[in-house]
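Structure below is target13.pdb: PDB, C-alpha atoms, pLDDT in the B column.
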```pdb
ATOM      1  CA  LEU A   7     -24.334  20.135 -47.710  1.00 55.00           C
ATOM      2  CA  LYS A   8     -20.665  20.887 -47.160  1.00 56.00           C
ATOM      3  CA  LEU A   9     -21.498  23.299 -44.312  1.00 61.00           C
ATOM      4  CA  LYS A  10     -23.789  20.721 -42.700  1.00 57.00           C
ATOM      5  CA  LEU A  11     -21.040  18.119 -42.876  1.00 59.00           C
ATOM      6  CA  GLN A  12     -18.491  20.504 -41.372  1.00 58.00           C
ATOM      7  CA  ARG A  13     -20.931  21.402 -38.602  1.00 62.00           C
ATOM      8  CA  SER A  14     -21.606  17.730 -37.874  1.00 59.00           C
ATOM      9  CA  ILE A  15     -17.883  16.996 -37.679  1.00 56.00           C
ATOM     10  CA  MET A  16     -17.354  19.993 -35.402  1.00 60.00           C
ATOM     11  CA  LEU A  17     -20.157  18.907 -33.069  1.00 51.00           C
ATOM     12  CA  PHE A  18     -18.740  15.385 -32.964  1.00 48.00           C
ATOM     13  CA  LEU A  19     -15.251  16.642 -32.107  1.00 46.00           C
ATOM     14  CA  LEU A  20     -16.616  18.938 -29.396  1.00 46.00           C
ATOM     15  CA  ALA A  21     -18.561  16.047 -27.880  1.00 44.00           C
ATOM     16  CA  LEU A  22     -15.447  13.873 -27.993  1.00 40.00           C
ATOM     17  CA  LEU A  23     -13.334  16.557 -26.309  1.00 40.00           C
ATOM     18  CA  ARG A  24     -16.001  17.081 -23.665  1.00 41.00           C
ATOM     19  CA  HIS A  25     -16.061  13.357 -22.988  1.00 41.00           C
ATOM     20  CA  TYR A  26     -12.316  13.145 -22.354  1.00 41.00           C
ATOM     21  CA  ALA A  27     -12.158  16.448 -20.491  1.00 39.00           C
ATOM     22  CA  THR A  28     -14.753  15.215 -18.009  1.00 40.00           C
ATOM     23  CA  ARG A  29     -13.557  11.618 -17.848  1.00 46.00           C
ATOM     24  CA  SER A  30     -13.705  10.784 -14.165  1.00 51.00           C
ATOM     25  CA  ALA A  31     -12.418   8.114 -11.859  1.00 57.00           C
ATOM     26  CA  ASP A  32     -16.025   6.955 -11.724  1.00 59.00           C
ATOM     27  CA  SER A  33     -16.084   6.135 -15.443  1.00 52.00           C
ATOM     28  CA  PHE A  34     -12.622   4.557 -15.217  1.00 55.00           C
ATOM     29  CA  ILE A  35     -13.519   2.100 -12.475  1.00 61.00           C
ATOM     30  CA  ALA A  36     -16.802   1.259 -14.186  1.00 54.00           C
ATOM     31  CA  HIS A  37     -14.901  -0.023 -17.224  1.00 51.00           C
ATOM     32  CA  ASN A  38     -12.215  -1.850 -15.239  1.00 63.00           C
ATOM     33  CA  MET A  39     -14.258  -3.962 -12.863  1.00 67.00           C
ATOM     34  CA  ASP A  40     -13.261  -7.610 -12.566  1.00 74.00           C
ATOM     35  CA  SER A  41     -13.700 -10.442 -10.075  1.00 81.00           C
ATOM     36  CA  SER A  42     -10.929  -9.265  -7.720  1.00 87.00           C
ATOM     37  CA  PRO A  43     -11.729  -8.593  -4.043  1.00 92.00           C
ATOM     38  CA  PHE A  44     -11.098  -4.888  -4.691  1.00 92.00           C
ATOM     39  CA  SER A  45     -13.703  -4.717  -7.481  1.00 89.00           C
ATOM     40  CA  GLN A  46     -16.116  -6.649  -5.293  1.00 92.00           C
ATOM     41  CA  LEU A  47     -15.588  -4.072  -2.549  1.00 93.00           C
ATOM     42  CA  VAL A  48     -16.391  -1.245  -5.002  1.00 91.00           C
ATOM     43  CA  ARG A  49     -19.588  -3.003  -6.097  1.00 91.00           C
ATOM     44  CA  LYS A  50     -20.728  -3.485  -2.511  1.00 92.00           C
ATOM     45  CA  LEU A  51     -19.926   0.111  -1.592  1.00 92.00           C
ATOM     46  CA  ARG A  52     -21.954   1.359  -4.554  1.00 90.00           C
ATOM     47  CA  GLN A  53     -24.890  -0.718  -3.348  1.00 89.00           C
ATOM     48  CA  THR A  54     -24.539   0.429   0.255  1.00 91.00           C
ATOM     49  CA  VAL A  55     -23.288   4.023   0.417  1.00 91.00           C
ATOM     50  CA  GLY A  56     -25.844   6.698  -0.347  1.00 75.00           C
ATOM     51  CA  ARG A  57     -28.835   4.882   1.092  1.00 67.00           C
ATOM     52  CA  ASP A  58     -29.666   5.515   4.721  1.00 76.00           C
ATOM     53  CA  MET A  59     -26.162   5.792   6.164  1.00 80.00           C
ATOM     54  CA  ASN A  60     -25.265   2.668   8.130  1.00 90.00           C
ATOM     55  CA  VAL A  61     -21.831   3.255   9.624  1.00 94.00           C
ATOM     56  CA  ARG A  62     -21.504  -0.294  10.917  1.00 94.00           C
ATOM     57  CA  GLU A  63     -22.293  -1.758   7.497  1.00 95.00           C
ATOM     58  CA  VAL A  64     -19.668   0.354   5.711  1.00 96.00           C
ATOM     59  CA  LYS A  65     -17.062  -0.388   8.397  1.00 97.00           C
ATOM     60  CA  ALA A  66     -17.817  -4.103   8.067  1.00 97.00           C
ATOM     61  CA  LEU A  67     -17.316  -3.983   4.277  1.00 97.00           C
ATOM     62  CA  LEU A  68     -13.930  -2.308   4.713  1.00 97.00           C
ATOM     63  CA  TYR A  69     -12.881  -4.618   7.542  1.00 97.00           C
ATOM     64  CA  ASN A  70     -13.794  -7.765   5.594  1.00 97.00           C
ATOM     65  CA  TYR A  71     -11.946  -6.686   2.456  1.00 96.00           C
ATOM     66  CA  LYS A  72      -9.023  -9.085   1.897  1.00 93.00           C
ATOM     67  CA  ALA A  73      -6.393  -6.545   0.876  1.00 91.00           C
ATOM     68  CA  THR A  74      -3.900  -7.625  -1.784  1.00 90.00           C
ATOM     69  CA  ARG A  75      -1.355  -5.151  -3.173  1.00 93.00           C
ATOM     70  CA  SER A  76      -1.922  -6.397  -6.737  1.00 91.00           C
ATOM     71  CA  ASP A  77      -5.580  -5.289  -6.432  1.00 89.00           C
ATOM     72  CA  TYR A  78      -4.740  -1.623  -6.016  1.00 92.00           C
ATOM     73  CA  ALA A  79      -1.119  -1.353  -7.239  1.00 93.00           C
ATOM     74  CA  ARG A  80      -2.018   1.020 -10.094  1.00 91.00           C
ATOM     75  CA  TYR A  81      -3.187   3.597  -7.531  1.00 93.00           C
ATOM     76  CA  ILE A  82       0.046   3.569  -5.504  1.00 96.00           C
ATOM     77  CA  THR A  83       2.112   6.738  -5.983  1.00 96.00           C
ATOM     78  CA  TRP A  84       4.886   8.262  -3.879  1.00 97.00           C
ATOM     79  CA  THR A  85       6.549  11.647  -3.555  1.00 94.00           C
ATOM     80  CA  HIS A  86       9.309  12.779  -1.216  1.00 94.00           C
ATOM     81  CA  GLU A  87       7.537  16.026  -0.324  1.00 92.00           C
ATOM     82  CA  ARG A  88       4.161  14.863   0.973  1.00 94.00           C
ATOM     83  CA  TYR A  89       1.505  12.179   1.032  1.00 96.00           C
ATOM     84  CA  THR A  90      -0.358  11.477  -2.216  1.00 97.00           C
ATOM     85  CA  ARG A  91      -4.129  11.318  -2.769  1.00 96.00           C
ATOM     86  CA  ASN A  92      -5.299   8.980  -5.527  1.00 96.00           C
ATOM     87  CA  LEU A  93      -8.965   9.083  -6.539  1.00 95.00           C
ATOM     88  CA  ILE A  94     -10.290   5.654  -7.490  1.00 94.00           C
ATOM     89  CA  ASP A  95     -14.082   5.824  -7.577  1.00 93.00           C
ATOM     90  CA  GLN A  96     -16.720   8.550  -7.251  1.00 91.00           C
ATOM     91  CA  GLY A  97     -19.554   6.188  -6.401  1.00 88.00           C
ATOM     92  CA  ASN A  98     -22.082   7.727  -8.799  1.00 82.00           C
ATOM     93  CA  GLY A  99     -21.669  11.034  -6.971  1.00 89.00           C
ATOM     94  CA  ARG A 100     -22.405   9.549  -3.545  1.00 92.00           C
ATOM     95  CA  TYR A 101     -18.852   9.128  -2.255  1.00 94.00           C
ATOM     96  CA  ASN A 102     -15.176   9.458  -3.098  1.00 95.00           C
ATOM     97  CA  MET A 103     -12.928   6.425  -2.733  1.00 96.00           C
ATOM     98  CA  ILE A 104      -9.281   7.366  -2.336  1.00 97.00           C
ATOM     99  CA  ILE A 105      -5.974   5.664  -1.673  1.00 97.00           C
ATOM    100  CA  MET A 106      -3.399   7.752   0.193  1.00 98.00           C
ATOM    101  CA  CYS A 107       0.296   6.882   0.265  1.00 98.00           C
ATOM    102  CA  TRP A 108       2.429   8.144   3.139  1.00 98.00           C
ATOM    103  CA  GLY A 109       6.203   8.187   3.143  1.00 97.00           C
ATOM    104  CA  SER A 110       8.104   8.112   6.417  1.00 97.00           C
ATOM    105  CA  GLY A 111       7.455  11.373   8.271  1.00 97.00           C
ATOM    106  CA  HIS A 112       4.526  12.471   6.113  1.00 97.00           C
ATOM    107  CA  LYS A 113       1.684  14.084   8.023  1.00 97.00           C
ATOM    108  CA  ALA A 114      -1.736  15.498   7.187  1.00 96.00           C
ATOM    109  CA  PRO A 115      -2.586  18.682   9.103  1.00 95.00           C
ATOM    110  CA  ILE A 116      -5.503  18.891  11.525  1.00 95.00           C
ATOM    111  CA  HIS A 117      -8.543  19.022   9.272  1.00 95.00           C
ATOM    112  CA  SER A 118     -12.303  18.729   9.031  1.00 93.00           C
ATOM    113  CA  HIS A 119     -14.585  16.585   6.855  1.00 94.00           C
ATOM    114  CA  PRO A 120     -17.341  19.121   6.127  1.00 92.00           C
ATOM    115  CA  GLY A 121     -20.708  17.401   6.344  1.00 91.00           C
ATOM    116  CA  ALA A 122     -19.183  14.025   5.520  1.00 95.00           C
ATOM    117  CA  ASN A 123     -18.559  10.651   7.075  1.00 95.00           C
ATOM    118  CA  CYS A 124     -14.920   9.606   6.746  1.00 97.00           C
ATOM    119  CA  PHE A 125     -13.953   5.918   6.789  1.00 97.00           C
ATOM    120  CA  VAL A 126     -10.327   4.765   6.754  1.00 98.00           C
ATOM    121  CA  ARG A 127      -9.016   1.238   6.240  1.00 98.00           C
ATOM    122  CA  MET A 128      -5.328   0.655   6.906  1.00 98.00           C
ATOM    123  CA  LEU A 129      -3.928  -1.303   3.957  1.00 98.00           C
ATOM    124  CA  GLU A 130      -0.202  -1.283   4.666  1.00 98.00           C
ATOM    125  CA  GLY A 131       2.151  -0.039   7.366  1.00 97.00           C
ATOM    126  CA  GLU A 132       1.357   1.922  10.519  1.00 98.00           C
ATOM    127  CA  MET A 133      -0.112   5.375  11.161  1.00 98.00           C
ATOM    128  CA  GLU A 134      -0.850   7.588  14.131  1.00 98.00           C
ATOM    129  CA  GLU A 135      -4.193   9.377  14.333  1.00 98.00           C
ATOM    130  CA  GLN A 136      -4.599  12.376  16.618  1.00 97.00           C
ATOM    131  CA  LEU A 137      -8.121  13.471  17.514  1.00 96.00           C
ATOM    132  CA  TYR A 138      -8.911  17.084  18.417  1.00 94.00           C
ATOM    133  CA  SER A 139     -11.842  19.081  19.683  1.00 89.00           C
ATOM    134  CA  LYS A 140     -13.313  21.342  17.040  1.00 81.00           C
ATOM    135  CA  PRO A 141     -13.086  25.014  18.134  1.00 77.00           C
ATOM    136  CA  VAL A 142     -16.298  26.765  19.104  1.00 72.00           C
ATOM    137  CA  ALA A 143     -16.620  30.309  17.721  1.00 61.00           C
ATOM    138  CA  PRO A 144     -15.508  32.956  18.262  1.00 62.00           C
ATOM    139  CA  GLU A 145     -12.376  32.171  20.325  1.00 69.00           C
ATOM    140  CA  GLY A 146     -12.387  28.422  20.719  1.00 75.00           C
ATOM    141  CA  ARG A 147      -9.060  26.663  20.332  1.00 84.00           C
ATOM    142  CA  VAL A 148      -8.146  23.299  18.916  1.00 88.00           C
ATOM    143  CA  THR A 149      -7.030  20.965  21.693  1.00 89.00           C
ATOM    144  CA  LEU A 150      -5.727  17.402  21.504  1.00 93.00           C
ATOM    145  CA  GLN A 151      -8.135  14.827  22.933  1.00 93.00           C
ATOM    146  CA  ARG A 152      -6.266  11.571  22.325  1.00 95.00           C
ATOM    147  CA  SER A 153      -4.043   9.630  19.953  1.00 97.00           C
ATOM    148  CA  ARG A 154      -4.288   6.105  18.625  1.00 96.00           C
ATOM    149  CA  GLU A 155      -2.012   3.823  16.643  1.00 98.00           C
ATOM    150  CA  LEU A 156      -3.385   2.238  13.476  1.00 98.00           C
ATOM    151  CA  LYS A 157      -2.054  -0.947  11.905  1.00 97.00           C
ATOM    152  CA  ALA A 158      -2.835  -2.889   8.726  1.00 97.00           C
ATOM    153  CA  GLY A 159      -6.419  -4.155   8.850  1.00 97.00           C
ATOM    154  CA  ASP A 160      -7.709  -1.471  11.234  1.00 98.00           C
ATOM    155  CA  VAL A 161     -10.846   0.486  10.252  1.00 98.00           C
ATOM    156  CA  ILE A 162     -11.879   3.835  11.722  1.00 98.00           C
ATOM    157  CA  HIS A 163     -14.787   6.242  11.223  1.00 97.00           C
ATOM    158  CA  ILE A 164     -14.940   9.952  11.994  1.00 96.00           C
ATOM    159  CA  ARG A 165     -17.121  12.974  11.263  1.00 94.00           C
ATOM    160  CA  ASP A 166     -16.969  16.554  12.487  1.00 93.00           C
ATOM    161  CA  ASP A 167     -19.560  16.195  15.257  1.00 91.00           C
ATOM    162  CA  ILE A 168     -17.342  13.453  16.734  1.00 91.00           C
ATOM    163  CA  SER A 169     -13.943  15.071  16.290  1.00 93.00           C
ATOM    164  CA  ILE A 170     -11.494  16.544  13.801  1.00 95.00           C
ATOM    165  CA  HIS A 171      -8.173  14.816  13.303  1.00 96.00           C
ATOM    166  CA  SER A 172      -4.724  14.600  11.793  1.00 97.00           C
ATOM    167  CA  MET A 173      -2.823  11.539  10.569  1.00 98.00           C
ATOM    168  CA  ALA A 174       0.913  10.919  10.468  1.00 98.00           C
ATOM    169  CA  ASN A 175       3.339   8.203   9.450  1.00 98.00           C
ATOM    170  CA  ARG A 176       5.940   8.209  12.212  1.00 96.00           C
ATOM    171  CA  SER A 177       7.473   4.882  11.193  1.00 96.00           C
ATOM    172  CA  ALA A 178      10.504   4.315   8.990  1.00 96.00           C
ATOM    173  CA  GLU A 179       8.419   2.517   6.352  1.00 97.00           C
ATOM    174  CA  GLY A 180       5.753   3.689   3.919  1.00 97.00           C
ATOM    175  CA  ALA A 181       2.049   3.338   4.696  1.00 98.00           C
ATOM    176  CA  VAL A 182      -1.052   3.021   2.493  1.00 98.00           C
ATOM    177  CA  THR A 183      -4.601   3.898   3.553  1.00 98.00           C
ATOM    178  CA  LEU A 184      -7.986   3.530   1.843  1.00 98.00           C
ATOM    179  CA  HIS A 185     -10.519   6.335   2.456  1.00 98.00           C
ATOM    180  CA  ILE A 186     -14.248   6.676   1.806  1.00 97.00           C
ATOM    181  CA  TYR A 187     -15.779  10.177   2.069  1.00 96.00           C
ATOM    182  CA  THR A 188     -19.555  10.390   1.870  1.00 95.00           C
ATOM    183  CA  PRO A 189     -20.942  12.678   0.662  1.00 93.00           C
ATOM    184  CA  PRO A 190     -17.876  13.878  -1.297  1.00 94.00           C
ATOM    185  CA  TYR A 191     -16.540  17.411  -0.830  1.00 93.00           C
ATOM    186  CA  ASN A 192     -14.076  19.717  -2.603  1.00 92.00           C
ATOM    187  CA  THR A 193     -12.649  21.833   0.252  1.00 93.00           C
ATOM    188  CA  CYS A 194     -11.910  21.356   3.925  1.00 93.00           C
ATOM    189  CA  GLU A 195     -10.812  23.445   6.873  1.00 92.00           C
ATOM    190  CA  ILE A 196      -7.248  23.194   8.165  1.00 93.00           C
ATOM    191  CA  PHE A 197      -6.576  23.982  11.830  1.00 91.00           C
ATOM    192  CA  SER A 198      -3.565  24.684  14.049  1.00 87.00           C
ATOM    193  CA  GLU A 199      -3.312  23.190  17.522  1.00 85.00           C
ATOM    194  CA  GLY A 200      -3.891  25.766  20.252  1.00 81.00           C
ATOM    195  CA  SER A 201      -5.316  28.298  17.792  1.00 81.00           C
ATOM    196  CA  SER A 202      -8.766  29.373  16.633  1.00 76.00           C
ATOM    197  CA  GLU A 203      -7.565  30.255  13.127  1.00 83.00           C
ATOM    198  CA  THR A 204      -8.594  28.138  10.129  1.00 86.00           C
ATOM    199  CA  ILE A 205      -7.656  27.974   6.464  1.00 90.00           C
ATOM    200  CA  SER A 206      -9.971  26.732   3.720  1.00 91.00           C
ATOM    201  CA  ALA A 207      -8.021  24.434   1.400  1.00 91.00           C
ATOM    202  CA  PRO A 208      -9.079  22.754  -1.862  1.00 92.00           C
ATOM    203  CA  ILE A 209      -8.764  18.996  -2.121  1.00 92.00           C
ATOM    204  CA  MET A 210      -5.759  17.892  -4.186  1.00 91.00           C
ATOM    205  CA  TYR A 211      -5.563  14.632  -6.166  1.00 94.00           C
ATOM    206  CA  THR A 212      -2.244  13.251  -7.349  1.00 95.00           C
ATOM    207  CA  THR A 213      -4.014  10.849  -9.703  1.00 95.00           C
ATOM    208  CA  LYS A 214      -7.567  10.163 -10.857  1.00 92.00           C
ATOM    209  CA  GLY A 215      -8.265   6.680 -12.121  1.00 89.00           C
ATOM    210  CA  GLY A 216      -4.528   6.048 -12.152  1.00 88.00           C
ATOM    211  CA  GLU A 217      -3.789   9.100 -14.333  1.00 90.00           C
ATOM    212  CA  TYR A 218      -1.559  11.894 -12.992  1.00 91.00           C
ATOM    213  CA  GLN A 219      -3.214  15.284 -12.541  1.00 90.00           C
ATOM    214  CA  PRO A 220      -1.800  18.823 -12.815  1.00 88.00           C
ATOM    215  CA  GLN A 221      -1.002  20.061  -9.314  1.00 83.00           C
ATOM    216  CA  PRO A 222      -2.372  23.457  -8.238  1.00 77.00           C
ATOM    217  CA  GLU A 223      -0.210  26.052  -6.530  1.00 75.00           C
ATOM    218  CA  GLY A 224      -0.780  27.282  -2.998  1.00 73.00           C
ATOM    219  CA  ILE A 225      -2.173  25.469   0.038  1.00 70.00           C
ATOM    220  CA  THR A 226      -3.965  22.239  -0.770  1.00 78.00           C
ATOM    221  CA  PHE A 227      -5.060  19.241   1.250  1.00 75.00           C
TER     222      PHE A 227
END
```

Now, as a test, write the supplied structure out as structure tokens.
Amino acid sequence: LKLKLQRSIMLFLLALLRHYATRSADSFIAHNMDSSPFSQLVRKLRQTVGRDMNVREVKALLYNYKATRSDYARYITWTHERYTRNLIDQGNGRYNMIIMCWGSGHKAPIHSHPGANCFVRMLEGEMEEQLYSKPVAPEGRVTLQRSRELKAGDVIHIRDDISIHSMANRSAEGAVTLHIYTPPYNTCEIFSEGSSETISAPIMYTTKGGEYQPQPEGITF
């Protein structure tokens, strides 16, 4: 009887540890939904994303979201060194919802979105997006196609068969962007302008569900 009890306790503790070890942003947001416009946006995205992809419908949801800093304040993080990536919701495995915070001068390298649709809603500040042609093997080079300025309220969509891109905050103030990646992915390719060379980089998250994460060494995106 004593051994059975010890075994039961051990199994319970292992299950508890497994629960907290795998606690995701998806479970966090599910238990913190309220009537705010931000929670309403999450609900609508969960209903929409993952069915037959309707780019216009997702863009409309993001455009119509009435952004209020208090809605998403817990996901705002800043560092001097680089932009931050803050995972909010995993959409039942169908998408990743992320807030990125960009200090003055912060820039994301030229990168791909492997097999995914990328939606960006400007929440605060201003950003510059640069769009590039994706190199064609074996000796294709990345070349700049055009640039565009993004301001609060703007919504953009991109995927690799349209273009690859980089984003930069060239203003003196911070900027905040909301991103939807569907389907989600764990690595992306990083490119250099005028070169055919690429680097595969794992996706880095500063926080998940508002909780800080250990940061890996080496090149990350």

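Of the residues under consideration (A:Asn192, A:Ser41, A:Asn98, A:Asn123), A:Asn123 shows the shortest atom-to-atom contact distance to A:Asn60 when counting only C-alpha atoms.
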
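This file, filtered with the PyMOL selection byres ((chain A and resi 171) around 10), gives the residues Ala114, Pro115, Ile116, His117, Ser118, His119, Glu135, Gln136, Leu137, Tyr138, Ser139, Lys140, Leu150, Gln151, Arg152, Ser153, Ile164, Arg165, Asp166, Ile168, Ser169, Ile170, Ser172, Met173, Ile196 and Phe197 of chain A.
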
Store the residues picked out above in a file with C-alpha atoms, as a PDB file, keeping the file's coordinate frame.
```pdb
ATOM      1  CA  ALA A 114      -1.736  15.498   7.187  1.00 96.00           C
ATOM      2  CA  PRO A 115      -2.586  18.682   9.103  1.00 95.00           C
ATOM      3  CA  ILE A 116      -5.503  18.891  11.525  1.00 95.00           C
ATOM      4  CA  HIS A 117      -8.543  19.022   9.272  1.00 95.00           C
ATOM      5  CA  SER A 118     -12.303  18.729   9.031  1.00 93.00           C
ATOM      6  CA  HIS A 119     -14.585  16.585   6.855  1.00 94.00           C
ATOM      7  CA  GLU A 135      -4.193   9.377  14.333  1.00 98.00           C
ATOM      8  CA  GLN A 136      -4.599  12.376  16.618  1.00 97.00           C
ATOM      9  CA  LEU A 137      -8.121  13.471  17.514  1.00 96.00           C
ATOM     10  CA  TYR A 138      -8.911  17.084  18.417  1.00 94.00           C
ATOM     11  CA  SER A 139     -11.842  19.081  19.683  1.00 89.00           C
ATOM     12  CA  LYS A 140     -13.313  21.342  17.040  1.00 81.00           C
ATOM     13  CA  LEU A 150      -5.727  17.402  21.504  1.00 93.00           C
ATOM     14  CA  GLN A 151      -8.135  14.827  22.933  1.00 93.00           C
ATOM     15  CA  ARG A 152      -6.266  11.571  22.325  1.00 95.00           C
ATOM     16  CA  SER A 153      -4.043   9.630  19.953  1.00 97.00           C
ATOM     17  CA  ILE A 164     -14.940   9.952  11.994  1.00 96.00           C
ATOM     18  CA  ARG A 165     -17.121  12.974  11.263  1.00 94.00           C
ATOM     19  CA  ASP A 166     -16.969  16.554  12.487  1.00 93.00           C
ATOM     20  CA  ILE A 168     -17.342  13.453  16.734  1.00 91.00           C
ATOM     21  CA  SER A 169     -13.943  15.071  16.290  1.00 93.00           C
ATOM     22  CA  ILE A 170     -11.494  16.544  13.801  1.00 95.00           C
ATOM     23  CA  SER A 172      -4.724  14.600  11.793  1.00 97.00           C
ATOM     24  CA  MET A 173      -2.823  11.539  10.569  1.00 98.00           C
ATOM     25  CA  ILE A 196      -7.248  23.194   8.165  1.00 93.00           C
ATOM     26  CA  PHE A 197      -6.576  23.982  11.830  1.00 91.00           C
TER      27      PHE A 197
END
```

Next on the checklist: Could you list, as JSON, numbers by chain, every residue matched by the PyMOL selection byres ((chain A and resi 103-109) around 7) in this structure?
Outcome noted: {"A": [81, 82, 83, 84, 89, 90, 91, 92, 93, 94, 95, 96, 101, 102, 110, 111, 112, 175, 179, 180, 181, 182, 183, 184, 185, 186, 187]}

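Here atom CA of A:Ser42 stands at a distance of 13.8 Å from atom CA of A:Arg80.
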
Next on the checklist: Rounded to one decimal, what separation in Å do you get between atom CA of A:Phe227 and atom CA of A:Ala79?
Outcome noted: 22.6 Å

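Note that the spacing between atom CA of A:Leu47 and atom CA of A:Gly121 amounts to 23.8 Å.
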
Checklist entry - Leaving out A:Gly146 and any residue of its chain fewer than 2 positions from it, which residues lie within 10 Å of it when counting all atoms listed in the file, given as a ChimeraX atom specification? => result /A:139-144,148-149,200-203

Using all atoms of stretch 123-130 of chain A that appear in the file, construct an axis-aligned enclosing box with 8 Å of padding on every side and provide its centre coordinates and edge lengths in Å, rounded to one decimal, as AutoDock Vina command-line options.
```
--center_x -9.4 --center_y 4.7 --center_z 5.5 --size_x 34.4 --size_y 28.0 --size_z 19.1
```

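With only C-alpha atoms as the atoms that count, the minimum distance from A:Arg176 to the choices A:Pro220, A:Glu134, A:Arg75, A:His86 is reached by A:Glu134.
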
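Picked out by the PyMOL selection byres ((chain A and resi 156) around 6) when it runs on this file: Glu132, Met133, Glu134, Glu155 and Lys157 of chain A.
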